[in-house]
>>> print(open('structure.cif').read())   # mmCIF, C-alpha atoms
data_upload
loop_
_atom_site.label_atom_id
_atom_site.label_comp_id
_atom_site.auth_asym_id
_atom_site.auth_seq_id
_atom_site.Cartn_x
_atom_site.Cartn_y
_atom_site.Cartn_z
CA MET A 11 74.86 1.13 58.48
CA ALA A 12 73.16 2.90 55.59
CA LYS A 13 69.69 4.30 56.14
CA PRO A 14 67.09 2.29 54.21
CA GLN A 15 65.19 4.32 51.59
CA ARG A 16 61.44 4.30 51.13
CA PRO A 17 60.11 2.17 48.32
CA GLY A 18 60.14 3.96 44.96
CA ALA A 19 62.66 6.61 46.00
CA ASN A 20 65.26 7.77 43.50
CA LYS A 21 68.44 5.88 44.24
CA GLY A 22 70.68 8.15 42.26
CA ASN A 23 71.01 10.24 39.17
CA LYS A 24 72.66 7.47 37.17
CA LYS A 25 70.40 6.49 34.30
CA GLY A 26 70.59 2.92 33.16
CA PRO A 27 69.69 1.45 29.82
CA THR A 28 66.02 1.86 28.83
CA LYS A 29 64.20 -1.38 28.25
CA GLY A 30 62.02 -1.79 25.17
CA THR A 31 58.57 -3.34 24.84
CA GLY A 32 59.80 -6.29 22.88
CA GLY A 33 57.42 -5.43 20.05
CA MET A 34 54.30 -5.70 22.20
CA GLY A 35 53.18 -2.14 21.32
CA ARG A 36 53.70 -2.50 17.59
CA LYS A 37 50.00 -2.63 16.75
CA SER A 38 49.24 0.54 18.68
CA LEU A 39 51.94 2.36 16.71
CA GLU A 40 50.50 1.26 13.39
CA GLY A 41 47.24 3.20 13.93
CA ARG A 42 43.82 2.28 12.55
CA GLY A 43 44.78 2.32 8.91
CA PRO A 44 43.25 4.40 6.11
CA THR A 45 39.85 6.06 6.63
CA PRO A 46 37.06 3.95 5.08
CA LYS A 47 35.17 5.37 2.13
CA ALA A 48 31.95 7.21 2.92
CA GLU A 49 29.85 4.50 1.28
CA ASP A 50 31.49 1.87 3.51
CA ARG A 51 30.46 3.65 6.70
CA ALA A 52 26.99 2.49 7.73
CA TRP A 53 26.13 5.70 9.59
CA HIS A 54 27.13 8.01 6.71
CA PRO A 55 24.39 9.19 4.27
CA ALA A 56 26.37 7.67 1.40
CA GLY A 57 26.48 4.38 3.28
CA LYS A 58 22.74 4.48 3.84
CA ARG A 59 22.14 5.12 0.15
CA LYS A 60 24.40 2.21 -0.74
CA ALA A 61 22.51 -0.06 1.68
CA ALA A 62 19.18 1.06 0.20
CA ALA A 63 20.46 0.36 -3.31
CA GLU A 64 21.58 -3.11 -2.26
CA ARG A 65 18.18 -3.85 -0.71
CA TYR A 66 16.53 -2.57 -3.88
CA ALA A 67 18.69 -4.80 -6.08
CA ALA A 68 18.07 -7.81 -3.84
CA SER A 69 14.30 -7.33 -3.85
CA GLY A 70 14.10 -6.88 -7.62
CA GLY A 71 11.73 -3.95 -7.16
CA LYS A 72 10.85 -1.29 -9.65
CA GLY A 73 11.29 2.47 -9.48
CA LYS A 74 13.99 4.36 -7.60
CA PRO A 75 15.83 2.73 -4.69
CA GLY A 76 14.43 3.70 -1.32
CA GLN A 77 11.15 4.95 -2.81
CA GLN A 78 7.73 3.43 -3.34
CA ARG A 79 5.08 4.51 -5.79
CA GLN A 80 2.25 6.40 -4.18
CA THR A 81 -1.09 7.32 -5.73
CA ALA A 82 -2.56 9.48 -2.99
CA GLY A 83 -6.10 10.58 -3.59
CA GLY A 84 -6.50 7.98 -6.34
CA ASN A 85 -4.54 10.10 -8.84
CA PRO A 86 -2.30 7.85 -10.98
CA ASN A 87 -0.27 10.87 -12.10
CA ARG A 88 0.89 11.49 -8.54
CA SER A 89 3.85 9.16 -9.08
CA ALA A 90 5.20 11.02 -12.13
CA ARG A 91 8.43 12.99 -11.91
CA ALA A 92 8.86 12.56 -8.16
CA LYS A 93 10.85 15.12 -6.20
CA ASP A 94 14.19 13.80 -5.01
CA ASN A 95 13.85 12.98 -1.33
CA THR A 96 16.46 11.18 0.72
CA THR A 97 14.04 10.47 3.58
CA GLU A 98 12.83 6.87 3.45
CA VAL A 99 9.64 7.41 5.48
CA GLU A 100 7.45 10.27 6.62
CA VAL A 101 5.52 10.28 9.89
CA VAL A 102 1.96 11.63 9.64
CA THR A 103 0.27 12.54 12.93
CA GLY A 104 -3.16 13.74 13.98
CA ARG A 105 -6.44 11.90 13.76
CA ASN A 106 -7.84 13.60 10.65
CA SER A 107 -4.56 13.37 8.76
CA VAL A 108 -3.96 9.73 9.65
CA LEU A 109 -7.54 8.75 8.86
CA GLU A 110 -7.45 10.42 5.44
CA ALA A 111 -4.10 8.80 4.65
CA LEU A 112 -5.53 5.36 5.47
CA ARG A 113 -8.73 6.05 3.53
CA ALA A 114 -6.68 7.07 0.48
CA LYS A 115 -4.85 3.72 0.69
CA ILE A 116 -1.43 5.32 0.85
CA PRO A 117 1.04 2.44 1.34
CA ALA A 118 1.67 2.89 5.05
CA SER A 119 4.28 0.71 6.71
CA ALA A 120 3.08 1.01 10.33
CA PHE A 121 0.21 2.46 12.36
CA TYR A 122 1.01 3.69 15.88
CA ILE A 123 -1.55 4.16 18.61
CA ALA A 124 -0.97 5.46 22.12
CA GLN A 125 -1.57 3.29 25.16
CA ARG A 126 -4.96 3.93 26.78
CA VAL A 127 -5.93 6.27 23.96
CA GLU A 128 -9.43 7.74 24.03
CA MET A 129 -11.43 5.74 21.50
CA ASP A 130 -13.80 7.54 19.16
CA ASP A 131 -15.28 6.74 15.75
CA ARG A 132 -12.18 7.98 13.94
CA VAL A 133 -9.80 5.80 15.96
CA LYS A 134 -12.05 2.78 15.48
CA GLU A 135 -12.11 3.36 11.72
CA MET A 136 -8.31 3.72 11.66
CA LEU A 137 -7.88 0.42 13.46
CA SER A 138 -10.31 -1.27 11.08
CA LEU A 139 -8.62 0.13 7.97
CA ALA A 140 -5.13 -0.76 9.19
CA THR A 141 -6.17 -4.28 10.19
CA ASN A 142 -7.98 -4.98 6.92
CA ARG A 143 -5.00 -3.80 4.88
CA GLY A 144 -2.49 -5.79 6.93
CA ILE A 145 -0.69 -2.72 8.26
CA PRO A 146 1.16 -3.48 11.52
CA VAL A 147 -0.61 -1.87 14.50
CA LEU A 148 1.85 -0.91 17.23
CA GLU A 149 0.81 0.27 20.69
CA VAL A 150 3.37 2.74 22.06
CA THR A 151 3.66 5.23 24.88
CA ARG A 152 2.68 8.85 24.47
CA GLN A 153 6.29 9.81 25.04
CA GLU A 154 7.28 7.78 21.99
CA LEU A 155 4.59 9.51 19.91
CA ASP A 156 5.81 12.87 21.18
CA ARG A 157 9.26 11.99 19.89
CA MET A 158 7.89 10.89 16.52
CA ALA A 159 5.76 14.02 16.14
CA GLY A 160 8.75 16.26 16.82
CA TYR A 161 8.93 19.67 18.39
CA ASP A 162 5.56 21.42 18.63
CA GLY A 163 3.88 18.46 16.95
CA VAL A 164 0.38 17.31 17.94
CA HIS A 165 -0.34 13.63 17.39
CA GLN A 166 -3.67 13.14 19.24
CA GLY A 167 -2.59 9.61 20.12
CA VAL A 168 -2.07 8.27 16.59
CA ALA A 169 0.58 8.28 13.87
CA VAL A 170 1.31 6.45 10.65
CA LYS A 171 4.49 5.96 8.65
CA VAL A 172 4.12 6.55 4.91
CA PRO A 173 6.60 6.77 2.00
CA PRO A 174 7.87 10.19 0.97
CA TYR A 175 5.28 12.24 -0.87
CA GLU A 176 5.52 11.83 -4.63
CA TYR A 177 4.64 14.86 -6.66
CA ALA A 178 2.73 15.09 -9.93
CA HIS A 179 3.76 17.14 -12.96
CA PRO A 180 1.73 20.35 -13.56
CA GLN A 181 0.93 19.41 -17.15
CA ASP A 182 -0.50 16.06 -16.01
CA LEU A 183 -2.82 17.86 -13.58
CA LEU A 184 -4.06 20.25 -16.26
CA GLU A 185 -4.72 17.47 -18.74
CA ALA A 186 -6.61 15.45 -16.12
CA VAL A 187 -8.93 18.38 -15.31
CA ILE A 188 -9.59 19.12 -18.98
CA ALA A 189 -10.34 15.44 -19.60
CA LYS A 190 -13.05 15.60 -16.93
CA GLY A 191 -14.65 18.59 -18.65
CA GLU A 192 -14.11 20.86 -15.66
CA VAL A 193 -12.84 24.44 -15.51
CA PRO A 194 -9.27 24.36 -14.11
CA LEU A 195 -8.59 26.09 -10.79
CA PHE A 196 -5.04 25.81 -9.49
CA VAL A 197 -2.94 27.52 -6.86
CA ALA A 198 0.74 28.26 -7.44
CA LEU A 199 3.02 29.21 -4.56
CA ASP A 200 5.96 31.53 -5.13
CA GLY A 201 8.44 31.36 -2.28
CA ILE A 202 6.24 29.82 0.43
CA THR A 203 8.74 28.11 2.73
CA ASP A 204 6.59 27.36 5.79
CA PRO A 205 5.09 23.85 5.50
CA ARG A 206 2.22 24.86 7.79
CA ASN A 207 1.24 27.57 5.33
CA LEU A 208 1.41 24.98 2.58
CA GLY A 209 -0.79 22.61 4.57
CA ALA A 210 -3.39 25.34 5.19
CA ILE A 211 -3.45 26.21 1.48
CA ILE A 212 -3.87 22.55 0.53
CA ARG A 213 -6.82 22.36 2.90
CA SER A 214 -8.44 25.50 1.47
CA THR A 215 -7.86 24.32 -2.10
CA GLY A 216 -9.70 21.12 -1.38
CA ALA A 217 -12.53 22.94 0.44
CA PHE A 218 -13.24 25.38 -2.42
CA GLY A 219 -12.99 23.00 -5.35
CA GLY A 220 -9.40 23.60 -6.43
CA HIS A 221 -7.74 20.98 -8.58
CA GLY A 222 -4.21 21.11 -7.25
CA ILE A 223 -1.18 23.01 -5.99
CA ILE A 224 1.92 23.89 -8.02
CA LEU A 225 5.23 24.38 -6.24
CA PRO A 226 8.59 25.46 -7.60
CA GLN A 227 11.25 22.82 -7.20
CA ARG A 228 13.56 25.18 -5.31
CA ARG A 229 13.03 27.59 -2.42
CA SER A 230 9.69 26.12 -1.45
CA ALA A 231 8.17 24.12 1.37
CA GLY A 232 7.43 20.49 0.62
CA VAL A 233 4.67 18.12 1.67
CA ASN A 234 6.16 16.85 4.92
CA SER A 235 4.60 15.78 8.21
CA ALA A 236 3.89 19.40 9.25
CA ALA A 237 2.06 20.08 5.99
CA TRP A 238 0.13 16.82 6.34
CA LYS A 239 -0.96 17.73 9.84
CA THR A 240 -2.03 21.29 8.97
CA SER A 241 -3.94 20.11 5.92
CA ALA A 242 -6.11 17.94 8.20
CA GLY A 243 -5.85 15.09 5.73
CA ALA A 244 -6.52 17.13 2.58
CA ALA A 245 -3.01 16.25 1.35
CA ALA A 246 -4.35 12.78 0.63
CA ARG A 247 -6.95 14.20 -1.78
CA VAL A 248 -5.49 17.37 -3.31
CA PRO A 249 -2.59 16.67 -5.70
CA VAL A 250 0.57 18.73 -5.44
CA ALA A 251 2.82 19.19 -8.47
CA LEU A 252 6.41 20.36 -8.87
CA ALA A 253 7.55 22.79 -11.56
CA THR A 254 11.23 22.95 -12.45
CA ASN A 255 10.77 26.67 -13.12
CA LEU A 256 7.56 28.31 -11.93
CA THR A 257 7.68 31.22 -14.39
CA THR A 258 8.18 28.89 -17.35
CA GLN A 259 5.34 26.66 -16.19
CA LEU A 260 2.96 29.60 -15.82
CA LYS A 261 3.79 30.69 -19.36
CA GLU A 262 2.99 27.18 -20.59
CA PHE A 263 -0.36 27.34 -18.83
CA LYS A 264 -1.09 30.69 -20.48
CA LYS A 265 -0.46 29.15 -23.90
CA GLN A 266 -3.17 26.60 -23.11
CA GLY A 267 -5.77 29.18 -22.14
CA VAL A 268 -5.21 29.40 -18.38
CA PHE A 269 -5.24 32.90 -16.89
CA VAL A 270 -2.59 33.67 -14.29
CA LEU A 271 -3.77 35.81 -11.36
CA GLY A 272 -1.23 37.09 -8.85
CA LEU A 273 -2.21 38.15 -5.32
CA ASP A 274 -0.67 41.39 -4.08
CA GLY A 275 -1.77 44.23 -1.81
CA ASP A 276 -1.06 46.77 -4.54
CA GLY A 277 -2.96 44.98 -7.28
CA ASP A 278 -4.70 46.78 -10.11
CA VAL A 279 -7.90 44.73 -9.74
CA LEU A 280 -9.93 44.29 -6.57
CA LEU A 281 -10.92 40.70 -5.86
CA PRO A 282 -14.72 41.37 -5.77
CA GLU A 283 -14.43 42.98 -9.22
CA LEU A 284 -12.55 40.08 -10.79
CA GLN A 285 -14.01 39.19 -14.19
CA LEU A 286 -11.95 36.06 -14.85
CA ALA A 287 -13.21 33.91 -12.00
CA ASP A 288 -15.27 31.65 -14.28
CA ARG A 289 -12.35 31.10 -16.65
CA PRO A 290 -9.51 28.59 -16.25
CA VAL A 291 -7.26 30.27 -13.69
CA VAL A 292 -4.22 29.69 -11.53
CA ILE A 293 -3.95 31.87 -8.42
CA VAL A 294 -0.36 32.73 -7.55
CA THR A 295 0.51 33.57 -3.94
CA GLY A 296 3.86 35.03 -2.98
CA SER A 297 5.78 34.90 0.27
CA GLU A 298 4.62 37.07 3.15
CA GLY A 299 7.85 39.02 3.33
CA LYS A 300 8.77 39.56 -0.33
CA GLY A 301 5.49 38.92 -2.13
CA LEU A 302 5.58 37.84 -5.77
CA SER A 303 8.96 37.64 -7.43
CA ARG A 304 9.56 40.05 -10.32
CA LEU A 305 9.48 37.46 -13.11
CA VAL A 306 6.34 35.80 -11.76
CA ALA A 307 4.59 39.17 -11.37
CA GLU A 308 5.45 40.08 -14.95
CA THR A 309 3.99 36.77 -16.13
CA CYS A 310 0.61 37.34 -14.43
CA ASP A 311 -2.36 38.44 -16.55
CA GLN A 312 -3.72 40.43 -13.62
CA ILE A 313 -2.51 41.40 -10.17
CA VAL A 314 -5.42 41.10 -7.75
CA SER A 315 -5.66 42.70 -4.32
CA ILE A 316 -7.97 41.81 -1.44
CA PRO A 317 -9.68 44.87 0.05
CA ILE A 318 -9.26 45.13 3.82
CA SER A 319 -10.56 47.85 6.14
CA ALA A 320 -7.44 48.44 8.25
CA VAL A 321 -4.48 49.98 6.46
CA THR A 322 -1.99 48.65 8.99
CA GLU A 323 -3.21 45.05 8.75
CA SER A 324 -2.25 42.41 6.22
CA LEU A 325 -3.24 38.82 5.49
CA ASN A 326 -0.82 35.95 5.62
CA ALA A 327 -0.35 33.76 2.58
CA GLY A 328 -2.69 31.01 3.72
CA ILE A 329 -5.59 33.32 4.55
CA ALA A 330 -5.14 35.42 1.40
CA THR A 331 -5.24 32.30 -0.76
CA SER A 332 -8.34 31.04 1.05
CA VAL A 333 -10.17 34.34 0.48
CA ALA A 334 -9.29 34.31 -3.22
CA LEU A 335 -10.39 30.70 -3.62
CA TYR A 336 -13.67 31.45 -1.86
CA GLN A 337 -14.35 34.38 -4.18
CA VAL A 338 -13.64 32.34 -7.31
CA SER A 339 -15.73 29.43 -6.04
CA THR A 340 -18.65 31.71 -5.14
CA THR A 341 -18.59 33.38 -8.56
CA ARG A 342 -18.52 30.06 -10.36
CA ASN A 343 -21.38 28.62 -8.34
CA ALA A 344 -23.48 31.73 -8.96
CA LYS A 345 -23.11 31.34 -12.74
CA LYS A 346 -24.05 27.66 -12.86
#
>>> encode(input="structure.cif", output="structure tokens")
Amino acid sequence: MAKPQRPGANKGNKKGPTKGTGGMGRKSLEGRGPTPKAEDRAWHPAGKRKAAAERYAASGGKGKPGQQRQTAGGNPNRSARAKDNTTEVEVVTGRNSVLEALRAKIPASAFYIAQRVEMDDRVKEMLSLATNRGIPVLEVTRQELDRMAGYDGVHQGVAVKVPPYEYAHPQDLLEAVIAKGEVPLFVALDGITDPRNLGAIIRSTGAFGGHGIILPQRRSAGVNSAAWKTSAGAAARVPVALATNLTTQLKEFKKQGVFVLGLDGDGDVLLPELQLADRPVVIVTGSEGKGLSRLVAETCDQIVSIPISAVTESLNAGIATSVALYQVSTTRNAKK
């Protein structure tokens, strides 16, 4: 009697005919087909742009798809020649920044407030402004606000969603100041890539009577949430313009009687001895590492240095610009 084998044991080396699947695995062999186009993939940037364009066409709106017109600070020129920005919304955080954005009637889409937030006069005014303008008020957790504010962001329990910042054109700013009969005072930034520096300079420009900021279109920080926060709301009042080429724009200003003053530690004129403070001027600040670029420096009428007592110390771009603005403002006020 043959010994029974265990179930599943090999009963011999003879290999029989292999059975097929009967066509049941045909679909798995066909694969998923051709890769969809980028615009047909909802998660792809091209797909998002296509969806935004379709919403724009369906709504019959005006302007560019995915963008809204913004006249921050009451300046109608703010909407001219907007910088291309693929971000549909910008989150502004911090009580001063949010309050100024709501006061300036920037078209906010939502106002966020933390649960059990400490109420003060600013928060009460924010709630009143948002409610009166029909802006949705959403109560969220502090963890959600932390996520919206991003790394190292400080929200102070409030945030607001606004459209991307729309920039003015430098020539529009100059014409608006001249139309008011005022002496132009602008700040141009050459290679400032830190948005917090930009926000600090916007705040100083507003504090010392400046009429606006001019940024190059490339290699420059933009007015994002970090700049909004650092400006403490001044970004809602001080217009920021974009120049396609900063050197060319400065030359155009010079043709119209505006003096170009560059800030540099090795300047040929000390700031307290500046004789052009009461004239139409644009103060140009370079990056902290490289300073003014060669072409911009050659365009300046004067290179101005700020005297400091310590040889080993230097001022960052935001502080240097603030000191220069203070000096110009003080000189102008003294001659009134």
>>> closest_residue(input="structure.cif", among="A:Ile212, A:Ala330, A:Ala246, A:Ala178", to="Leu112 of chain A", atoms="only C-alpha atoms")
A:Ala246
>>> resolve_selection(input="structure.cif", expression="the PyMOL selection byres ((chain A and resi 337) around 12)", output="VMD selection string")
chain A and resid 218 to 219 280 to 288 293 314 316 330 to 336 338 to 344
>>> closest_residue(input="structure.cif", among="A:Val294, A:Ala186, A:Val147, A:Val172", to="Pro226 of chain A", atoms="only C-alpha atoms")
A:Val294
>>> atom_distance(input="structure.cif", atom1="atom CA of Phe263 of chain A", atom2="atom CA of Val187 of chain A")
12.9 Å
>>> resolve_selection(input="structure.cif", expression="the PyMOL selection byres ((chain A and resi 122-137) around 6)", output="count of residues only")
16
>>> decode(input="structure.cif", residues="segment 255-292 of chain A", atoms="N, CA and C atoms", output="compact mmCIF listing (two decimals), in the first residue's frame")
# COMPACT_ATOMS: atom_id res chain seq x y z
N ASN A 255 12.12 97.16 -15.46
CA ASN A 255 13.56 97.30 -15.31
C ASN A 255 13.81 98.49 -14.40
N LEU A 256 14.42 98.25 -13.24
CA LEU A 256 14.57 99.32 -12.25
C LEU A 256 15.47 100.44 -12.76
N THR A 257 16.56 100.10 -13.42
CA THR A 257 17.47 101.14 -13.93
C THR A 257 16.76 102.04 -14.94
N THR A 258 16.03 101.44 -15.85
CA THR A 258 15.29 102.23 -16.85
C THR A 258 14.26 103.13 -16.19
N GLN A 259 13.58 102.61 -15.17
CA GLN A 259 12.56 103.41 -14.50
C GLN A 259 13.18 104.58 -13.75
N LEU A 260 14.32 104.36 -13.12
CA LEU A 260 15.00 105.46 -12.42
C LEU A 260 15.43 106.54 -13.41
N LYS A 261 15.87 106.14 -14.57
CA LYS A 261 16.25 107.13 -15.59
C LYS A 261 15.04 107.93 -16.05
N GLU A 262 13.88 107.28 -16.14
CA GLU A 262 12.66 107.99 -16.51
C GLU A 262 12.28 109.01 -15.43
N PHE A 263 12.45 108.63 -14.18
CA PHE A 263 12.18 109.56 -13.09
C PHE A 263 13.11 110.76 -13.16
N LYS A 264 14.38 110.51 -13.47
CA LYS A 264 15.34 111.61 -13.57
C LYS A 264 14.94 112.60 -14.65
N LYS A 265 14.41 112.10 -15.76
CA LYS A 265 13.98 112.99 -16.83
C LYS A 265 12.84 113.90 -16.39
N GLN A 266 12.09 113.47 -15.38
CA GLN A 266 10.95 114.25 -14.89
C GLN A 266 11.28 115.04 -13.63
N GLY A 267 12.57 115.18 -13.35
CA GLY A 267 13.00 116.05 -12.26
C GLY A 267 13.13 115.39 -10.91
N VAL A 268 13.14 114.07 -10.85
CA VAL A 268 13.29 113.36 -9.59
C VAL A 268 14.76 112.98 -9.41
N PHE A 269 15.33 113.31 -8.26
CA PHE A 269 16.72 112.98 -7.97
C PHE A 269 16.80 111.57 -7.38
N VAL A 270 17.77 110.80 -7.84
CA VAL A 270 17.95 109.43 -7.41
C VAL A 270 19.11 109.37 -6.43
N LEU A 271 18.82 108.94 -5.19
CA LEU A 271 19.82 108.88 -4.12
C LEU A 271 20.02 107.42 -3.72
N GLY A 272 21.23 106.92 -3.89
CA GLY A 272 21.53 105.55 -3.50
C GLY A 272 22.15 105.50 -2.12
N LEU A 273 21.79 104.49 -1.33
CA LEU A 273 22.36 104.31 0.01
C LEU A 273 23.50 103.30 -0.07
N ASP A 274 24.67 103.72 0.45
CA ASP A 274 25.82 102.82 0.46
C ASP A 274 26.79 103.30 1.53
N GLY A 275 27.47 102.35 2.17
CA GLY A 275 28.40 102.71 3.25
C GLY A 275 29.58 103.51 2.78
N ASP A 276 29.92 103.44 1.51
CA ASP A 276 31.05 104.18 0.96
C ASP A 276 30.59 105.35 0.11
N GLY A 277 29.49 105.96 0.49
CA GLY A 277 28.95 107.08 -0.28
C GLY A 277 29.82 108.31 -0.23
N ASP A 278 29.63 109.18 -1.23
CA ASP A 278 30.41 110.42 -1.27
C ASP A 278 29.75 111.57 -0.54
N VAL A 279 28.51 111.36 -0.05
CA VAL A 279 27.80 112.39 0.70
C VAL A 279 27.27 111.77 1.98
N LEU A 280 27.52 112.43 3.11
CA LEU A 280 26.96 111.97 4.38
C LEU A 280 25.50 112.38 4.47
N LEU A 281 24.68 111.53 5.03
CA LEU A 281 23.25 111.79 5.10
C LEU A 281 22.91 113.12 5.77
N PRO A 282 23.54 113.49 6.91
CA PRO A 282 23.20 114.79 7.52
C PRO A 282 23.55 115.99 6.64
N GLU A 283 24.44 115.81 5.67
CA GLU A 283 24.85 116.91 4.81
C GLU A 283 24.11 116.91 3.48
N LEU A 284 23.11 116.10 3.34
CA LEU A 284 22.36 115.98 2.10
C LEU A 284 21.64 117.29 1.79
N GLN A 285 21.84 117.81 0.58
CA GLN A 285 21.23 119.07 0.16
C GLN A 285 19.98 118.88 -0.70
N LEU A 286 19.67 117.66 -1.05
CA LEU A 286 18.56 117.41 -1.96
C LEU A 286 17.31 116.90 -1.26
N ALA A 287 17.29 116.95 0.06
CA ALA A 287 16.19 116.34 0.79
C ALA A 287 14.85 117.00 0.49
N ASP A 288 14.86 118.31 0.20
CA ASP A 288 13.60 119.02 -0.05
C ASP A 288 13.19 118.97 -1.51
N ARG A 289 13.95 118.27 -2.33
CA ARG A 289 13.61 118.11 -3.74
C ARG A 289 12.85 116.80 -3.95
N PRO A 290 12.26 116.61 -5.13
CA PRO A 290 11.68 115.29 -5.42
C PRO A 290 12.78 114.23 -5.46
N VAL A 291 12.67 113.21 -4.64
CA VAL A 291 13.73 112.22 -4.54
C VAL A 291 13.14 110.81 -4.48
N VAL A 292 13.99 109.86 -4.91
CA VAL A 292 13.72 108.45 -4.72
C VAL A 292 14.97 107.87 -4.07
